[in-house]
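*Asks:* One structure coming up, written as structure tokens, with questions to follow.
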Amino acid sequence: MTLTRDGVTGVLAGIAVPGGGTLVSRDLIRALTVDGGVVRFVIEAATPEDARALAPVEAEAERALKALPGVTSVQIVMTAHGPAAKAPPPSLKIGGHPTPQQGGPQKVAGVARILAVASGKGGVGKSTVSSNLAVALARAGRKVGLLDADILGPSQAKMMGVSARPQSPDGQTIEPPTAHGVKMMSLGLMLKEDEAVIWRGPMLMGALQQLIGQVNWGTLDVLIVDLPPGTGDVQLTLCQRAQLTGALVVSTPQDVALLDARKAIDMFSKLKTPVLGLIENMSTYICPNCGHEAHIFGHGGVAAEAARLDLPFLGELPLSLEVREAGDAGRPIAAGEGANAEAYARLAHRLIAGGMA
Ligand SMILES: Nc1ncnc2c1ncn2[C@@H]1O[C@H](COP(=O)(O)OP(=O)(O)OP(=O)(O)O)[C@@H](O)[C@H]1O
């Protein structure tokens, strides 16, 4: 029998909590995921006292789930959202709740423009495009920052070849490391390698707020923000808290990716964030052996979609083994020479010419 989310919820629905009801009927479970045999979730208690009273329940849940066929490990996090401390001092420990912000979206001091790079579907190359575009813009003479807002699956540290933990000489702000001419910050740099982030919405939002506000970005022409895929809390927080210049939506030409890209575009329109254009990634593939041109995910779909939606089409980026290898090696392809780097240089110049970067 395969392990399912419903199966896990069924077990949790049988675990009683002090004061009556169960973990499920009292709505205490958050961020439940079942990944192979690994079950992860958060028990959200109302106060620290409640959290203490729920400790035996946590142990009981772990025991019951471990008895479920197919479960290899159970990771439970207990959180309590009791009354917030008055005027908490800035903390460099990433992952707290967001602090309230007066008024609407705000500018980030010293940062002239913020561009969010988004996609509807995962794996279409959003992080690859973000890092390479950042490098290409820096090569074109712009002062560029790159923020990895893919908080649950940060990849920019690897793609940009950065591993040193960022320093904080004043204990208040974080100094972003510079790689390939770009100031970059990622939660990946603050975590131990292989450490999983299992946070619910408010903690994701708190982390994002810190990454934007507590990092010493200095003076930037443009801050590129690599968003997680889809339309979730991080996207919402970013659009509501930071004054974005706009969003760039990356898609492959495949219909299924385009379908999800439309959802992302719709989300930005609801959040009143301008979509500055669409980018087609994994477009043409040129065989390095025979020079034959193939279109593995189709071709031209993103340009056609842009025309249909009356949005700018910003360009196509080839599908190339070199792009993948360069990303894996921490040296973005845009930092070198050749057709792939030129494609990114064209994209960068297009954004600069349009006043977007
Ligand atoms: N143009 C390309 N040619 C070849 N490989 C590519 C290209 N673009 C991205 N890739 C590869 O595809 C994989 C997924 O890319 P990437 O991580 O950038 O996607 P993503 O949309 O950010 O994914 P996620 O949804 O996980 O955040 C990576 O291994 C990357 O090297």
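Here's how to read the names in the structure tokens: chain A, B, ... by the order shown, residue numbers from 1 in each chain, ligand numbers from 1 in the order shown.
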List as an NGL selection string the protein and nucleic acid residues lying within 9 Å of ligand 1, with only C-alpha atoms and all ligand atoms counted.
*Replies:* :A and (118-131 or 150 or 153-156 or 159 or 226-230 or 250-251 or 281-285 or 317-328 or 340)
*Asks:* Tell me, as a PyMOL selection string, which residues lie within 12 Å of region 9-26 of chain A, counting only C-alpha atoms; anything in the same chain fewer than 6 positions away does not count.
*Replies:* chain A and resi 3+32-34+39-46+49-69
*Asks:* As an exercise, work out the distance from CA of Trp217 (chain A) to CA of Ile114 (chain A) in Å and give it to one decimal place.
*Replies:*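 These atoms are spaced 11.9 Å apart.
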*Asks:* So that I can see what lies close to region 345-357 of chain A, please list as an mmCIF file with N, CA and C atoms, in the first residue's frame the residues with an atom at most 6 Å from it, counting only C-alpha atoms and leaving out residues fewer than 6 positions away in the same chain.
*Replies:*
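New file result15.cif:
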```cif
data_model
loop_
_atom_site.group_PDB
_atom_site.id
_atom_site.type_symbol
_atom_site.label_atom_id
_atom_site.label_comp_id
_atom_site.auth_asym_id
_atom_site.auth_seq_id
_atom_site.Cartn_x
_atom_site.Cartn_y
_atom_site.Cartn_z
ATOM 1 N N ALA A 136 24.965 38.571 -16.551
ATOM 2 C CA ALA A 136 25.015 39.306 -17.828
ATOM 3 C C ALA A 136 24.800 40.802 -17.588
ATOM 4 N N LEU A 137 23.920 41.151 -16.672
ATOM 5 C CA LEU A 137 23.684 42.572 -16.375
ATOM 6 C C LEU A 137 24.922 43.187 -15.728
ATOM 7 N N VAL A 222 19.834 47.161 -9.914
ATOM 8 C CA VAL A 222 18.741 46.195 -9.977
ATOM 9 C C VAL A 222 19.010 45.018 -9.046
#
```
*Asks:* List as a PDB file with C-alpha atoms, in the first residue's frame the protein and nucleic acid residues near region 260-266 of chain A, meaning an atom at most 10 Å away when only C-alpha atoms are counted, but skip any in the same chain fewer than 4 places from it.
*Replies:*
```pdb
ATOM      1  CA  ALA A 118       8.916  33.776 -11.720  1.00  0.00           C
ATOM      2  CA  SER A 119       7.543  30.648 -13.322  1.00  0.00           C
ATOM      3  CA  GLY A 120       4.323  28.751 -12.922  1.00  0.00           C
ATOM      4  CA  LYS A 121       5.909  25.323 -13.157  1.00  0.00           C
ATOM      5  CA  GLY A 122       9.015  24.086 -11.348  1.00  0.00           C
ATOM      6  CA  PRO A 229       7.805  28.132  -8.576  1.00  0.00           C
ATOM      7  CA  GLY A 230       4.055  28.603  -8.458  1.00  0.00           C
ATOM      8  CA  THR A 231       1.825  31.103  -6.736  1.00  0.00           C
ATOM      9  CA  GLY A 232       2.336  30.908  -2.972  1.00  0.00           C
ATOM     10  CA  GLN A 235       5.210  35.611  -4.084  1.00  0.00           C
ATOM     11  CA  ALA A 247       8.079  40.367 -12.908  1.00  0.00           C
ATOM     12  CA  LEU A 248       9.753  38.367 -15.654  1.00  0.00           C
ATOM     13  CA  VAL A 249       7.995  35.066 -16.301  1.00  0.00           C
ATOM     14  CA  VAL A 250      10.092  32.143 -17.505  1.00  0.00           C
ATOM     15  CA  SER A 251       8.537  29.202 -19.313  1.00  0.00           C
ATOM     16  CA  THR A 252       9.544  26.400 -21.605  1.00  0.00           C
ATOM     17  CA  ASP A 255       1.906  23.580 -23.340  1.00  0.00           C
ATOM     18  CA  VAL A 256       1.855  22.329 -19.771  1.00  0.00           C
ATOM     19  CA  LYS A 270      -4.210  40.334  -9.134  1.00  0.00           C
ATOM     20  CA  LEU A 271      -1.316  41.614  -6.999  1.00  0.00           C
ATOM     21  CA  LYS A 272      -0.977  44.663  -9.276  1.00  0.00           C
ATOM     22  CA  THR A 273       2.622  43.809 -10.140  1.00  0.00           C
ATOM     23  CA  PRO A 274       3.404  44.526 -13.791  1.00  0.00           C
ATOM     24  CA  VAL A 275       4.594  41.565 -15.848  1.00  0.00           C
ATOM     25  CA  GLY A 277       7.723  40.184 -20.253  1.00  0.00           C
ATOM     26  CA  LEU A 278       7.999  36.485 -20.986  1.00  0.00           C
ATOM     27  CA  VAL A 302       6.141  31.471 -25.366  1.00  0.00           C
ATOM     28  CA  GLU A 305       1.564  33.299 -25.701  1.00  0.00           C
ATOM     29  CA  ALA A 306       3.147  36.722 -25.137  1.00  0.00           C
ATOM     30  CA  LEU A 309      -1.602  38.220 -23.774  1.00  0.00           C
TER      31      LEU A 309
END
```
